[in-house]
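Q: Questions regarding the structure given below will be posed in turn.
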Amino acid sequence: MSANVGTVDRVIRFIVGLVLASMPYWVQDPWGWVGLAVGVVLVLTALIRFCPAYKMFGLNTCPLK
């Protein structure tokens, strides 16, 4: 499993993921929980530097080999 998420992409994913993960606190409907799930996935992909969707579509934002 090689890294395919670059630094800028990681920072954006992490920030957006944290915002979405906090949605159940300020959105009191099922969309808050959807936001939580998407946020957790974004934070995890930022932390491990690997995105399965990028792999599936052949994308790579990481400059490292």
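Letters A, B, ... go to the chains of the structure tokens in the order shown; residues in each chain start at 1; ligands are counted from 1 in the same order.
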As a ChimeraX atom specification, list the residues of chain A assigned to alpha helix (DSSP H) by DSSP on the backbone atoms of this structure.
A: /A:7-21,23-26,30-48,52-57
Q: Which residue out of A:Met56, A:Val40, A:Gln28, A:Arg49 has the minimum interatomic distance to Val16 in chain A when only C-alpha atoms are used?
A: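 Of the candidates, the smallest distance to Val16 in chain A is held by A:Val40.
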Q: When distances are computed from only C-alpha atoms, which of A:Ala3, A:Ala53, A:Val43, A:Val8 shows the smallest separation from Leu20 in chain A?
A: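 Going through A:Ala3, A:Ala53, A:Val43, A:Val8 one by one, the smallest distance to Leu20 in chain A is for A:Val43.
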Q: Expressed in Å to a single decimal, how great is the separation between CA of Thr7 in chain A and CA of Tyr25 in chain A?
A: 28.6 Å
Q: At what distance in Å, to one decimal, does CA of Phe57 in chain A lie from CA of Gly17 in chain A?
A: 21.3 Å
Q: Between CA of Val34 in chain A and CA of Leu47 in chain A, what distance in Å does the model show, to one decimal?
A: 20.2 Å
Q: With a distance cut-off of 10 Å and only C-alpha atoms, select the neighbouring residues of Ile15 in chain A, excluding the residue or stretch itself and same-chain residues fewer than 3 positions from it, and output the selection as a PyMOL selection string.
A: chain A and resi 10-12+18-21+39+42-43+46
Q: Would you save the residues from that selection as a compact mmCIF listing (two decimals), in the first residue's frame, using C-alpha atoms?
A:
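Wrote out-v7.txt, looks like this:
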```
# COMPACT_ATOMS: atom_id res chain seq x y z
CA ARG A 10 -3.81 15.63 3.29
CA VAL A 11 -4.24 19.01 4.98
CA ILE A 12 -7.46 19.74 3.09
CA LEU A 18 -12.85 17.40 11.17
CA VAL A 19 -15.60 19.83 10.18
CA LEU A 20 -17.77 17.05 8.78
CA ALA A 21 -17.10 14.80 11.77
CA GLY A 39 -15.52 13.00 7.96
CA LEU A 42 -11.45 11.70 5.19
CA VAL A 43 -9.45 11.98 8.42
CA ALA A 46 -5.31 11.84 5.51
```
Q: Can you list, as a list in words, every protein, DNA or RNA residue that comes within 7 Å of range 58-63 of chain A when you count only C-alpha atoms, leaving out same-chain residues fewer than 2 positions away?
A: Ala3, Asn4, Val5, Gly6, Tyr54, Lys55, Met56 and Lys65 of chain A
Q: Considering only C-alpha atoms, can you say which of A:Asp9, A:Phe14, A:Ser2, A:Ser22 comes closest to Leu44 in chain A?
A: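 Among A:Asp9, A:Phe14, A:Ser2, A:Ser22, it is A:Phe14 that comes nearest to Leu44 in chain A.
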